Structures are given as C-alpha cells and as structure tokens.
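Shown below: run_29.pdb, with PDB, C-alpha atoms and all ligand atoms.
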```pdb
ATOM      1  CA  MET A   1      19.363  79.146 -31.061  1.00  0.00           C
ATOM      2  CA  GLU A   2      16.280  81.250 -31.543  1.00  0.00           C
ATOM      3  CA  PHE A   3      13.128  81.108 -33.601  1.00  0.00           C
ATOM      4  CA  LYS A   4      14.544  83.374 -36.262  1.00  0.00           C
ATOM      5  CA  PHE A   5      14.498  82.855 -40.002  1.00  0.00           C
ATOM      6  CA  SER A   6      18.260  83.281 -39.964  1.00  0.00           C
ATOM      7  CA  SER A   7      18.667  80.418 -37.458  1.00  0.00           C
ATOM      8  CA  TYR A   8      16.620  78.192 -39.706  1.00  0.00           C
ATOM      9  CA  GLU A   9      18.706  79.224 -42.687  1.00  0.00           C
ATOM     10  CA  ASN A  10      21.932  78.485 -40.794  1.00  0.00           C
ATOM     11  CA  CYS A  11      20.707  75.010 -39.954  1.00  0.00           C
ATOM     12  CA  LEU A  12      19.826  74.283 -43.552  1.00  0.00           C
ATOM     13  CA  ASN A  13      23.176  75.630 -44.653  1.00  0.00           C
ATOM     14  CA  PHE A  14      24.896  73.305 -42.264  1.00  0.00           C
ATOM     15  CA  ALA A  15      22.854  70.361 -43.568  1.00  0.00           C
ATOM     16  CA  VAL A  16      23.714  71.218 -47.162  1.00  0.00           C
ATOM     17  CA  GLU A  17      27.410  71.402 -46.293  1.00  0.00           C
ATOM     18  CA  GLU A  18      27.154  68.060 -44.521  1.00  0.00           C
ATOM     19  CA  ASN A  19      25.670  66.555 -47.687  1.00  0.00           C
ATOM     20  CA  TYR A  20      22.297  65.755 -46.279  1.00  0.00           C
ATOM     21  CA  LYS A  21      19.783  64.804 -48.908  1.00  0.00           C
ATOM     22  CA  PHE A  22      16.442  66.621 -48.700  1.00  0.00           C
ATOM     23  CA  VAL A  23      13.601  64.173 -49.100  1.00  0.00           C
ATOM     24  CA  ASN A  24       9.826  64.414 -49.132  1.00  0.00           C
ATOM     25  CA  LEU A  25       7.065  62.031 -48.071  1.00  0.00           C
ATOM     26  CA  SER A  26       7.215  60.207 -51.394  1.00  0.00           C
ATOM     27  CA  ASN A  27      10.881  59.212 -51.282  1.00  0.00           C
ATOM     28  CA  ALA A  28      11.894  59.425 -47.612  1.00  0.00           C
ATOM     29  CA  LEU A  29      11.460  55.730 -46.906  1.00  0.00           C
ATOM     30  CA  GLU A  30      13.647  54.498 -49.714  1.00  0.00           C
ATOM     31  CA  SER A  31      16.506  56.910 -49.001  1.00  0.00           C
ATOM     32  CA  ASN A  32      19.651  55.267 -47.664  1.00  0.00           C
ATOM     33  CA  GLU A  33      21.724  58.427 -47.379  1.00  0.00           C
ATOM     34  CA  LYS A  34      21.703  61.003 -44.589  1.00  0.00           C
ATOM     35  CA  SER A  35      18.320  62.608 -45.102  1.00  0.00           C
ATOM     36  CA  ILE A  36      16.140  65.436 -43.889  1.00  0.00           C
ATOM     37  CA  LEU A  37      12.444  65.777 -44.435  1.00  0.00           C
ATOM     38  CA  LEU A  38      11.148  69.334 -44.026  1.00  0.00           C
ATOM     39  CA  ARG A  39       7.493  69.808 -43.269  1.00  0.00           C
ATOM     40  CA  HIS A  40       5.642  73.007 -42.454  1.00  0.00           C
ATOM     41  CA  ASP A  41       2.111  73.102 -41.099  1.00  0.00           C
ATOM     42  CA  ILE A  42       0.566  76.442 -42.013  1.00  0.00           C
ATOM     43  CA  ASP A  43      -1.608  76.879 -38.949  1.00  0.00           C
ATOM     44  CA  PHE A  44      -1.924  80.678 -38.957  1.00  0.00           C
ATOM     45  CA  SER A  45       0.104  82.575 -41.517  1.00  0.00           C
ATOM     46  CA  LEU A  46       0.718  82.104 -45.212  1.00  0.00           C
ATOM     47  CA  ASP A  47       3.044  85.116 -45.208  1.00  0.00           C
ATOM     48  CA  HIS A  48       5.471  83.459 -42.841  1.00  0.00           C
ATOM     49  CA  ALA A  49       5.346  80.333 -44.991  1.00  0.00           C
ATOM     50  CA  ILE A  50       6.653  82.250 -47.999  1.00  0.00           C
ATOM     51  CA  LYS A  51       9.632  83.420 -46.005  1.00  0.00           C
ATOM     52  CA  PHE A  52      10.594  79.805 -45.284  1.00  0.00           C
ATOM     53  CA  ALA A  53       9.993  78.835 -48.895  1.00  0.00           C
ATOM     54  CA  GLU A  54      12.360  81.500 -50.158  1.00  0.00           C
ATOM     55  CA  ILE A  55      15.111  80.519 -47.748  1.00  0.00           C
ATOM     56  CA  GLU A  56      14.763  76.901 -48.835  1.00  0.00           C
ATOM     57  CA  LYS A  57      14.723  77.795 -52.496  1.00  0.00           C
ATOM     58  CA  SER A  58      17.917  79.830 -52.106  1.00  0.00           C
ATOM     59  CA  LEU A  59      19.620  76.634 -50.909  1.00  0.00           C
ATOM     60  CA  ASP A  60      17.898  74.499 -53.530  1.00  0.00           C
ATOM     61  CA  VAL A  61      16.053  72.587 -50.848  1.00  0.00           C
ATOM     62  CA  GLN A  62      12.509  71.239 -51.035  1.00  0.00           C
ATOM     63  CA  ALA A  63       9.883  71.237 -48.287  1.00  0.00           C
ATOM     64  CA  THR A  64       6.231  70.273 -47.984  1.00  0.00           C
ATOM     65  CA  TYR A  65       3.693  72.875 -46.868  1.00  0.00           C
ATOM     66  CA  PHE A  66       0.395  71.736 -45.413  1.00  0.00           C
ATOM     67  CA  VAL A  67      -2.435  74.225 -45.835  1.00  0.00           C
ATOM     68  CA  ARG A  68      -5.682  74.454 -43.869  1.00  0.00           C
ATOM     69  CA  THR A  69      -8.992  75.152 -45.556  1.00  0.00           C
ATOM     70  CA  HIS A  70     -10.993  76.116 -42.447  1.00  0.00           C
ATOM     71  CA  CYS A  71      -8.578  78.411 -40.702  1.00  0.00           C
ATOM     72  CA  LYS A  72      -9.920  81.417 -38.838  1.00  0.00           C
ATOM     73  CA  TYR A  73      -6.847  83.492 -39.661  1.00  0.00           C
ATOM     74  CA  TYR A  74      -6.462  83.024 -43.392  1.00  0.00           C
ATOM     75  CA  ASN A  75      -8.642  81.971 -46.275  1.00  0.00           C
ATOM     76  CA  ALA A  76      -6.747  79.433 -48.375  1.00  0.00           C
ATOM     77  CA  LEU A  77      -9.096  80.100 -51.294  1.00  0.00           C
ATOM     78  CA  SER A  78      -8.693  83.868 -51.477  1.00  0.00           C
ATOM     79  CA  TYR A  79      -6.899  85.478 -54.434  1.00  0.00           C
ATOM     80  CA  SER A  80      -3.862  86.372 -52.386  1.00  0.00           C
ATOM     81  CA  SER A  81      -3.634  82.914 -50.798  1.00  0.00           C
ATOM     82  CA  LYS A  82      -3.909  81.274 -54.181  1.00  0.00           C
ATOM     83  CA  GLU A  83      -1.016  83.414 -55.316  1.00  0.00           C
ATOM     84  CA  ILE A  84       1.066  82.380 -52.316  1.00  0.00           C
ATOM     85  CA  LEU A  85       0.278  78.683 -52.685  1.00  0.00           C
ATOM     86  CA  ASN A  86       1.125  78.791 -56.379  1.00  0.00           C
ATOM     87  CA  LYS A  87       4.312  80.600 -55.506  1.00  0.00           C
ATOM     88  CA  LEU A  88       5.261  77.832 -53.060  1.00  0.00           C
ATOM     89  CA  GLU A  89       4.843  75.392 -55.934  1.00  0.00           C
ATOM     90  CA  SER A  90       6.828  77.498 -58.350  1.00  0.00           C
ATOM     91  CA  LEU A  91       9.658  77.633 -55.804  1.00  0.00           C
ATOM     92  CA  GLY A  92       9.768  73.836 -56.072  1.00  0.00           C
ATOM     93  CA  HIS A  93       7.867  72.959 -52.908  1.00  0.00           C
ATOM     94  CA  ILE A  94       4.977  70.593 -52.355  1.00  0.00           C
ATOM     95  CA  VAL A  95       1.572  71.733 -51.130  1.00  0.00           C
ATOM     96  CA  GLY A  96      -0.452  69.258 -49.087  1.00  0.00           C
ATOM     97  CA  LEU A  97      -3.699  69.323 -47.144  1.00  0.00           C
ATOM     98  CA  HIS A  98      -3.590  70.136 -43.424  1.00  0.00           C
ATOM     99  CA  PHE A  99      -6.864  68.406 -42.780  1.00  0.00           C
ATOM    100  CA  GLU A 100      -9.355  69.510 -40.132  1.00  0.00           C
ATOM    101  CA  GLU A 101     -11.534  66.485 -39.779  1.00  0.00           C
ATOM    102  CA  ASP A 102     -13.779  67.796 -37.007  1.00  0.00           C
ATOM    103  CA  TYR A 103     -15.298  70.251 -39.480  1.00  0.00           C
ATOM    104  CA  TYR A 104     -17.212  67.324 -40.989  1.00  0.00           C
ATOM    105  CA  PRO A 105     -19.438  64.528 -39.705  1.00  0.00           C
ATOM    106  CA  GLU A 106     -17.235  61.617 -38.680  1.00  0.00           C
ATOM    107  CA  GLU A 107     -18.727  59.151 -41.148  1.00  0.00           C
ATOM    108  CA  ASN A 108     -17.716  61.355 -44.096  1.00  0.00           C
ATOM    109  CA  LEU A 109     -13.993  61.323 -43.409  1.00  0.00           C
ATOM    110  CA  TYR A 110     -12.640  60.161 -46.759  1.00  0.00           C
ATOM    111  CA  GLU A 111     -15.361  61.866 -48.778  1.00  0.00           C
ATOM    112  CA  SER A 112     -14.413  65.103 -47.036  1.00  0.00           C
ATOM    113  CA  ILE A 113     -10.743  64.626 -47.809  1.00  0.00           C
ATOM    114  CA  HIS A 114     -11.701  64.050 -51.433  1.00  0.00           C
ATOM    115  CA  LEU A 115     -13.823  67.183 -51.496  1.00  0.00           C
ATOM    116  CA  GLU A 116     -10.961  69.316 -50.151  1.00  0.00           C
ATOM    117  CA  LYS A 117      -8.537  67.764 -52.607  1.00  0.00           C
ATOM    118  CA  GLN A 118     -10.854  68.717 -55.456  1.00  0.00           C
ATOM    119  CA  ILE A 119     -11.126  72.283 -54.209  1.00  0.00           C
ATOM    120  CA  LEU A 120      -7.368  72.714 -53.840  1.00  0.00           C
ATOM    121  CA  ASP A 121      -6.727  70.919 -57.129  1.00  0.00           C
ATOM    122  CA  SER A 122      -8.864  73.511 -58.868  1.00  0.00           C
ATOM    123  CA  PHE A 123      -6.016  76.014 -58.542  1.00  0.00           C
ATOM    124  CA  LEU A 124      -2.851  74.101 -57.616  1.00  0.00           C
ATOM    125  CA  GLN A 125      -0.382  73.388 -60.394  1.00  0.00           C
ATOM    126  CA  THR A 126       0.251  69.822 -59.236  1.00  0.00           C
ATOM    127  CA  PRO A 127      -2.599  67.599 -58.029  1.00  0.00           C
ATOM    128  CA  LEU A 128      -2.612  67.338 -54.249  1.00  0.00           C
ATOM    129  CA  GLN A 129      -1.259  64.009 -52.966  1.00  0.00           C
ATOM    130  CA  HIS A 130      -0.151  64.708 -49.391  1.00  0.00           C
ATOM    131  CA  ILE A 131      -2.102  64.940 -46.157  1.00  0.00           C
ATOM    132  CA  ALA A 132      -1.285  65.803 -42.538  1.00  0.00           C
ATOM    133  CA  PRO A 133      -3.927  66.086 -39.802  1.00  0.00           C
ATOM    134  CA  HIS A 134      -4.282  69.397 -37.944  1.00  0.00           C
ATOM    135  CA  GLU A 135      -4.082  69.012 -34.131  1.00  0.00           C
ATOM    136  CA  PRO A 136      -4.000  65.212 -34.149  1.00  0.00           C
ATOM    137  CA  THR A 137      -3.802  65.009 -30.352  1.00  0.00           C
ATOM    138  CA  ARG A 138      -7.105  66.819 -30.034  1.00  0.00           C
ATOM    139  CA  THR A 139      -8.896  64.910 -32.800  1.00  0.00           C
ATOM    140  CA  ASN A 140      -7.169  61.695 -31.845  1.00  0.00           C
ATOM    141  CA  ARG A 141      -6.282  60.820 -35.409  1.00  0.00           C
ATOM    142  CA  LEU A 142      -2.684  60.605 -36.439  1.00  0.00           C
ATOM    143  CA  GLU A 143      -3.083  58.139 -39.251  1.00  0.00           C
ATOM    144  CA  TYR A 144      -5.451  57.443 -42.084  1.00  0.00           C
ATOM    145  CA  ASP A 145      -6.179  54.197 -43.884  1.00  0.00           C
ATOM    146  CA  ASP A 146      -3.737  54.069 -46.812  1.00  0.00           C
ATOM    147  CA  ASN A 147      -6.165  52.287 -49.116  1.00  0.00           C
ATOM    148  CA  ARG A 148      -9.012  54.658 -48.415  1.00  0.00           C
ATOM    149  CA  LEU A 149      -6.663  57.576 -49.025  1.00  0.00           C
ATOM    150  CA  LYS A 150      -5.574  56.121 -52.355  1.00  0.00           C
ATOM    151  CA  GLU A 151      -9.199  55.792 -53.416  1.00  0.00           C
ATOM    152  CA  VAL A 152      -9.538  59.555 -53.056  1.00  0.00           C
ATOM    153  CA  GLY A 153      -6.233  60.322 -54.760  1.00  0.00           C
ATOM    154  CA  ILE A 154      -4.001  60.912 -51.724  1.00  0.00           C
ATOM    155  CA  LYS A 155      -0.776  58.923 -51.772  1.00  0.00           C
ATOM    156  CA  PHE A 156       1.273  60.152 -48.835  1.00  0.00           C
ATOM    157  CA  GLN A 157       0.475  60.839 -45.197  1.00  0.00           C
ATOM    158  CA  ALA A 158       2.601  62.717 -42.712  1.00  0.00           C
ATOM    159  CA  TYR A 159       2.472  60.216 -39.854  1.00  0.00           C
ATOM    160  CA  ASP A 160       3.212  57.086 -41.791  1.00  0.00           C
ATOM    161  CA  LYS A 161       4.298  54.440 -39.244  1.00  0.00           C
ATOM    162  CA  ASP A 162       7.351  53.210 -41.155  1.00  0.00           C
ATOM    163  CA  LEU A 163       8.509  56.750 -41.700  1.00  0.00           C
ATOM    164  CA  LEU A 164       8.290  57.568 -38.008  1.00  0.00           C
ATOM    165  CA  GLU A 165      10.219  54.427 -37.171  1.00  0.00           C
ATOM    166  CA  LYS A 166      13.027  55.307 -39.522  1.00  0.00           C
ATOM    167  CA  TYR A 167      13.235  59.074 -38.937  1.00  0.00           C
ATOM    168  CA  LYS A 168      13.942  61.016 -35.787  1.00  0.00           C
ATOM    169  CA  TYR A 169      10.898  63.279 -35.589  1.00  0.00           C
ATOM    170  CA  ILE A 170      11.164  66.743 -34.057  1.00  0.00           C
ATOM    171  CA  SER A 171       8.511  69.443 -33.936  1.00  0.00           C
ATOM    172  CA  ASP A 172       8.240  73.062 -32.801  1.00  0.00           C
ATOM    173  CA  SER A 173       4.619  72.610 -31.675  1.00  0.00           C
ATOM    174  CA  SER A 174       3.464  75.401 -29.345  1.00  0.00           C
ATOM    175  CA  GLY A 175       6.625  77.351 -30.139  1.00  0.00           C
ATOM    176  CA  LYS A 176       9.011  74.888 -28.538  1.00  0.00           C
ATOM    177  CA  PHE A 177      11.263  72.103 -29.685  1.00  0.00           C
ATOM    178  CA  LYS A 178      10.529  69.958 -26.631  1.00  0.00           C
ATOM    179  CA  ASP A 179      12.986  67.348 -27.710  1.00  0.00           C
ATOM    180  CA  GLY A 180      15.914  69.693 -28.389  1.00  0.00           C
ATOM    181  CA  PHE A 181      16.343  72.359 -31.027  1.00  0.00           C
ATOM    182  CA  LEU A 182      16.831  71.577 -34.704  1.00  0.00           C
ATOM    183  CA  GLU A 183      20.470  72.601 -34.518  1.00  0.00           C
ATOM    184  CA  GLU A 184      21.161  70.113 -31.749  1.00  0.00           C
ATOM    185  CA  HIS A 185      19.868  67.188 -33.772  1.00  0.00           C
ATOM    186  CA  LEU A 186      21.921  68.180 -36.765  1.00  0.00           C
ATOM    187  CA  VAL A 187      25.170  69.429 -35.337  1.00  0.00           C
ATOM    188  CA  LYS A 188      25.455  67.529 -32.077  1.00  0.00           C
ATOM    189  CA  ASN A 189      23.433  64.339 -32.520  1.00  0.00           C
ATOM    190  CA  LYS A 190      24.192  64.047 -36.238  1.00  0.00           C
ATOM    191  CA  GLU A 191      20.955  62.210 -36.870  1.00  0.00           C
ATOM    192  CA  THR A 192      21.060  60.151 -40.052  1.00  0.00           C
ATOM    193  CA  TYR A 193      17.357  60.501 -40.752  1.00  0.00           C
ATOM    194  CA  LEU A 194      15.693  63.646 -39.481  1.00  0.00           C
ATOM    195  CA  TYR A 195      12.061  64.665 -39.933  1.00  0.00           C
ATOM    196  CA  VAL A 196      11.494  68.297 -38.973  1.00  0.00           C
ATOM    197  CA  LEU A 197       8.067  69.827 -38.499  1.00  0.00           C
ATOM    198  CA  THR A 198       7.933  73.580 -38.130  1.00  0.00           C
ATOM    199  CA  HIS A 199       4.991  75.947 -37.903  1.00  0.00           C
ATOM    200  CA  PRO A 200       5.897  79.188 -39.684  1.00  0.00           C
ATOM    201  CA  VAL A 201       3.856  81.187 -37.184  1.00  0.00           C
ATOM    202  CA  TRP A 202       6.495  80.801 -34.466  1.00  0.00           C
ATOM    203  CA  TRP A 203       9.330  82.195 -36.573  1.00  0.00           C
ATOM    204  CA  PHE A 204      10.332  85.822 -37.113  1.00  0.00           C
ATOM    205  CA  GLU A 205      13.064  88.062 -38.526  1.00  0.00           C
ATOM    206  CA  ASN A 206      13.908  88.873 -34.949  1.00  0.00           C
ATOM    207  CA  SER A 207      12.637  86.539 -32.307  1.00  0.00           C
ATOM    208  CA  PRO A 208      10.238  88.697 -30.215  1.00  0.00           C
ATOM    209  CA  VAL A 209      10.119  86.489 -27.174  1.00  0.00           C
ATOM    210  CA  GLU A 210      12.260  84.030 -25.366  1.00  0.00           C
ATOM    211  CA  ARG A 211      10.719  80.675 -24.825  1.00  0.00           C
ATOM    212  CA  TYR A 212      11.494  78.427 -21.922  1.00  0.00           C
TER
HETATM  213 ZN    ZN A 301      -1.858  72.311 -37.515  1.00  0.00          ZN
END
```
Since I need it in another form, could you write the structure as structure tokens?
Ligand SMILES: [Zn+2]
Amino acid sequence: MEFKFSSYENCLNFAVEENYKFVNLSNALESNEKSILLRHDIDFSLDHAIKFAEIEKSLDVQATYFVRTHCKYYNALSYSSKEILNKLESLGHIVGLHFEEDYYPEENLYESIHLEKQILDSFLQTPLQHIAPHEPTRTNRLEYDDNRLKEVGIKFQAYDKDLLEKYKYISDSSGKFKDGFLEEHLVKNKETYLYVLTHPVWWFENSPVERY
C-alpha cells in the first residue's frame, strides 16, 4: 500500500463494507461497535486536507481536522484558508485546534488556547471544541487538564487516556506507519477500535517516493 489518496479511499471503502462505525472524539469512548476514529493534523497543507475531506464525504464518513495557527507554510486566517476550513465543516467534518504551545509563555497555556479558540470561532460555523497538540514529543505535552480545558470551552482532546486505552492508535508521522499500514490493521488485524492519525502532507494522487 502506498501513500496515495486512492489507497486511503480503498481502506475507507473496506471499512464501510465491514460496517465499521465512524466516530469522533466526542462519541468514541461510548461506542460498543467496531469503530474508527479518523483524525488529520494539518501540519503543512490545507489543499491536501480538502482532498481527504472530499473522499470521506463521498463515503459519508466524518473526520476531525486539526488546524495550526502559527504554521510557516499556510496562514489559517487568510481568505482562502477560511474558505477551506468552512468547506471542511460543510462537508460534515469537525475542525479542531492543532495547538502550538511553545509560541506562548508557558504560564499562559490555557489563556492561549482560549485566545486561539476565539480567533477560530470568529469564522468557523461550529464553535471549536477539539484540541490536539502539535509535535507533542518535542513540547513534551500530550495531554491537557480536562477541567482547565472546559473552562476555556474545549471539551475534547486528542490524547485522552481512556481513548488511547480503548483504541488501537496508528499514525503516519514522518511519512511512515511505523506500526503497520492502515490497511493491515483493518484487513488483517481486524481491529475493533481503530484510531487513525494521518497528516495530509504525506499523501498524493501518485505517491512520488517510496518510503522504507
Ligand atoms: Zn502537527
């Protein structure tokens, strides 16, 4: 399997045929059916994100897209980005905050999250309620305090402990599924609860490189 949009589509197709339920961070824990949680961290390219969103929409599947506000490669607040983020919402997807905490002084963590929520809320159709940290290994923060998050209007976090206990978590970080490709976990391992993180930047119409 390659990092092609068509491979991703085939996997989703398979999951739909196998009657997997597509969940999000708000209902994943309570699900007792075979479930898949689709998450995309938009690290570099909003254009690639749209491609995923359209594939998912065509299969009536929902995903959550986490957007950065301090990215060097795209400006989440530009006119064209706003259009893309609104389009993600209109395709039935969720937009969350891909938070870059090292932009701010450490002591302002939750205030900063609140500030970014307010900025994104100024143009999103649905108030932002989801957060996922960007590069958590580097910043050393995977989790946030649930109560502090609630105080600033955020209800769901990507690395919730219970969620990670229940779901098999796989990620294409650095352009590799270290733990086996998506297809393997679906078709071969038949995971009951699967949490898939993809970064749209690694995926193309035609995979330009082979990755080993
Ligand atoms: Zn990231």
Sorted per-residue table, chain A near ligand ZN 301 (chain A), closest atoms and distance, 7 Å, all atoms listed in the file, as a tab-separated table:
```
residue	atom	partner	partner_atom	distance
A:Asp41	CA	A:ZN301	ZN	5.4
A:Ile42	CA	A:ZN301	ZN	6.6
A:Asp43	CA	A:ZN301	ZN	4.8
A:His98	CA	A:ZN301	ZN	6.5
A:Pro133	CA	A:ZN301	ZN	6.9
A:His134	CA	A:ZN301	ZN	3.8
A:Glu135	CA	A:ZN301	ZN	5.2
```
Could you work out how far CA of Tyr79 (chain A) lies from CA of Gln157 (chain A), giving the answer in Å with one decimal?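 Going from CA of Gln157 (chain A) over to CA of Tyr79 (chain A), I get 27.3 Å.
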Neighbours of region 63-77 of chain A within 7 Å (all atoms listed in the file; same-chain residues fewer than 4 positions away dropped), as a list in words?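 Final neighbour list, sorted by chain and number: Asn24, Leu38, Arg39, His40, Asp41, Ile42, Asp43, Phe44, Ser45, Ser81, Lys82, His93, Ile94, Val95, Gly96, Leu97, His98, Phe99 and Ala132 of chain A.
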Per-residue nearest contacts region 59-139 of chain A to region 1-16 of chain A, cut-off 12 Å, using all atoms listed in the file, as a Markdown table:
```
| residue | atom | partner | partner_atom | distance |
| --- | --- | --- | --- | --- |
| A:Leu59 | CA | A:Asn13 | CA | 7.3 |
| A:Asp60 | CA | A:Val16 | CA | 9.2 |
| A:Val61 | CA | A:Leu12 | CA | 8.4 |
| A:Gln62 | CA | A:Leu12 | CA | 10.9 |
| A:Ala63 | CA | A:Leu12 | CA | 11.4 |
```
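With distances taken over all atoms listed in the file, A:Tyr167 is the one residue among A:Tyr159, A:Trp202, A:Phe181, A:Tyr167 lying closest to Leu29 (chain A).
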Please compute the CA of Val196 (chain A)-CA of Ile131 (chain A) distance, one decimal, in Å. 15.7 Å
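Interatomic distance, CA of Glu116 (chain A) to CA of Asp102 (chain A): 13.5 Å.
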For the file shown, report as an MDAnalysis selection string the outcome of the PyMOL selection byres (((chain A and resi 172-174) around 8) and not hetatm) at residue level. chainID A and resid 170:171 175:178 197:199
Please provide the set of residues having any atom within 8 Å of Glu101 (chain A), restricted to only C-alpha atoms, with same-chain residues fewer than 5 positions apart removed, written as a PyMOL selection string. chain A and resi 106+109+112+133+139
Could you expand the PyMOL selection byres (((chain A and resi 53) around 8) and not hetatm) into the explicit residues it covers here, written as an NGL selection string? :A and (49-52 or 54-57 or 63 or 88 or 91 or 93)
Find the residue from A:Glu184, A:Glu111, A:Glu100, A:Glu30 that sits nearest to Leu163 (chain A); use all atoms listed in the file when measuring.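 Nearest to Leu163 (chain A): A:Glu30.
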Residues proximal to (-1.9, 79.5, -61.6) were defined as those with any atom within 12 Å of that point in the file's coordinates, counting only C-alpha atoms. Which are they, as a list in words?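 Protein and nucleic acid residues near the point are Tyr79, Ser80, Ser81, Lys82, Glu83, Ile84, Leu85, Asn86, Lys87, Leu88, Glu89, Ser90, Leu120, Asp121, Ser122, Phe123, Leu124, Gln125 and Thr126 of chain A.
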Check the smallest atom-to-atom distance from each of A:Trp203, A:Tyr110, A:Tyr20, A:Tyr104 to Leu149 (chain A) using only C-alpha atoms, then report the winner.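 Between A:Trp203, A:Tyr110, A:Tyr20, A:Tyr104, the residue approaching Leu149 (chain A) most closely is A:Tyr110.
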If we count all atoms listed in the file, what is near Lys168 (chain A) at a cut-off of 7 Å, once residues fewer than 5 positions away on the same chain are taken out, given as a list in words?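 Using all atoms listed in the file, the neighbours found are Tyr193, Leu194 and Tyr195 of chain A.
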Write out the residues from the selection above, keeping C-alpha atoms, as a short mmCIF file (atom, residue, chain, number, x, y, z; two decimals), keeping the file's coordinate frame.
```cif
data_model
loop_
_atom_site.label_atom_id
_atom_site.label_comp_id
_atom_site.auth_asym_id
_atom_site.auth_seq_id
_atom_site.Cartn_x
_atom_site.Cartn_y
_atom_site.Cartn_z
CA TYR A 193 17.36 60.50 -40.75
CA LEU A 194 15.69 63.65 -39.48
CA TYR A 195 12.06 64.67 -39.93
#
```
For the file shown, what are the residues hit by the PyMOL selection byres (((chain A and resi 146) around 12) and not hetatm), laid out as a tab-separated table (two decimals) with C-alpha atoms, in the frame of the given file?
```
chain	number	residue	atom	x	y	z
A	110	TYR	CA	-12.64	60.16	-46.76
A	129	GLN	CA	-1.26	64.01	-52.97
A	130	HIS	CA	-0.15	64.71	-49.39
A	131	ILE	CA	-2.10	64.94	-46.16
A	143	GLU	CA	-3.08	58.14	-39.25
A	144	TYR	CA	-5.45	57.44	-42.08
A	145	ASP	CA	-6.18	54.20	-43.88
A	147	ASN	CA	-6.16	52.29	-49.12
A	148	ARG	CA	-9.01	54.66	-48.42
A	149	LEU	CA	-6.66	57.58	-49.02
A	150	LYS	CA	-5.57	56.12	-52.36
A	151	GLU	CA	-9.20	55.79	-53.42
A	152	VAL	CA	-9.54	59.56	-53.06
A	153	GLY	CA	-6.23	60.32	-54.76
A	154	ILE	CA	-4.00	60.91	-51.72
A	155	LYS	CA	-0.78	58.92	-51.77
A	156	PHE	CA	1.27	60.15	-48.84
A	157	GLN	CA	0.48	60.84	-45.20
A	158	ALA	CA	2.60	62.72	-42.71
A	159	TYR	CA	2.47	60.22	-39.85
A	160	ASP	CA	3.21	57.09	-41.79
A	161	LYS	CA	4.30	54.44	-39.24
```
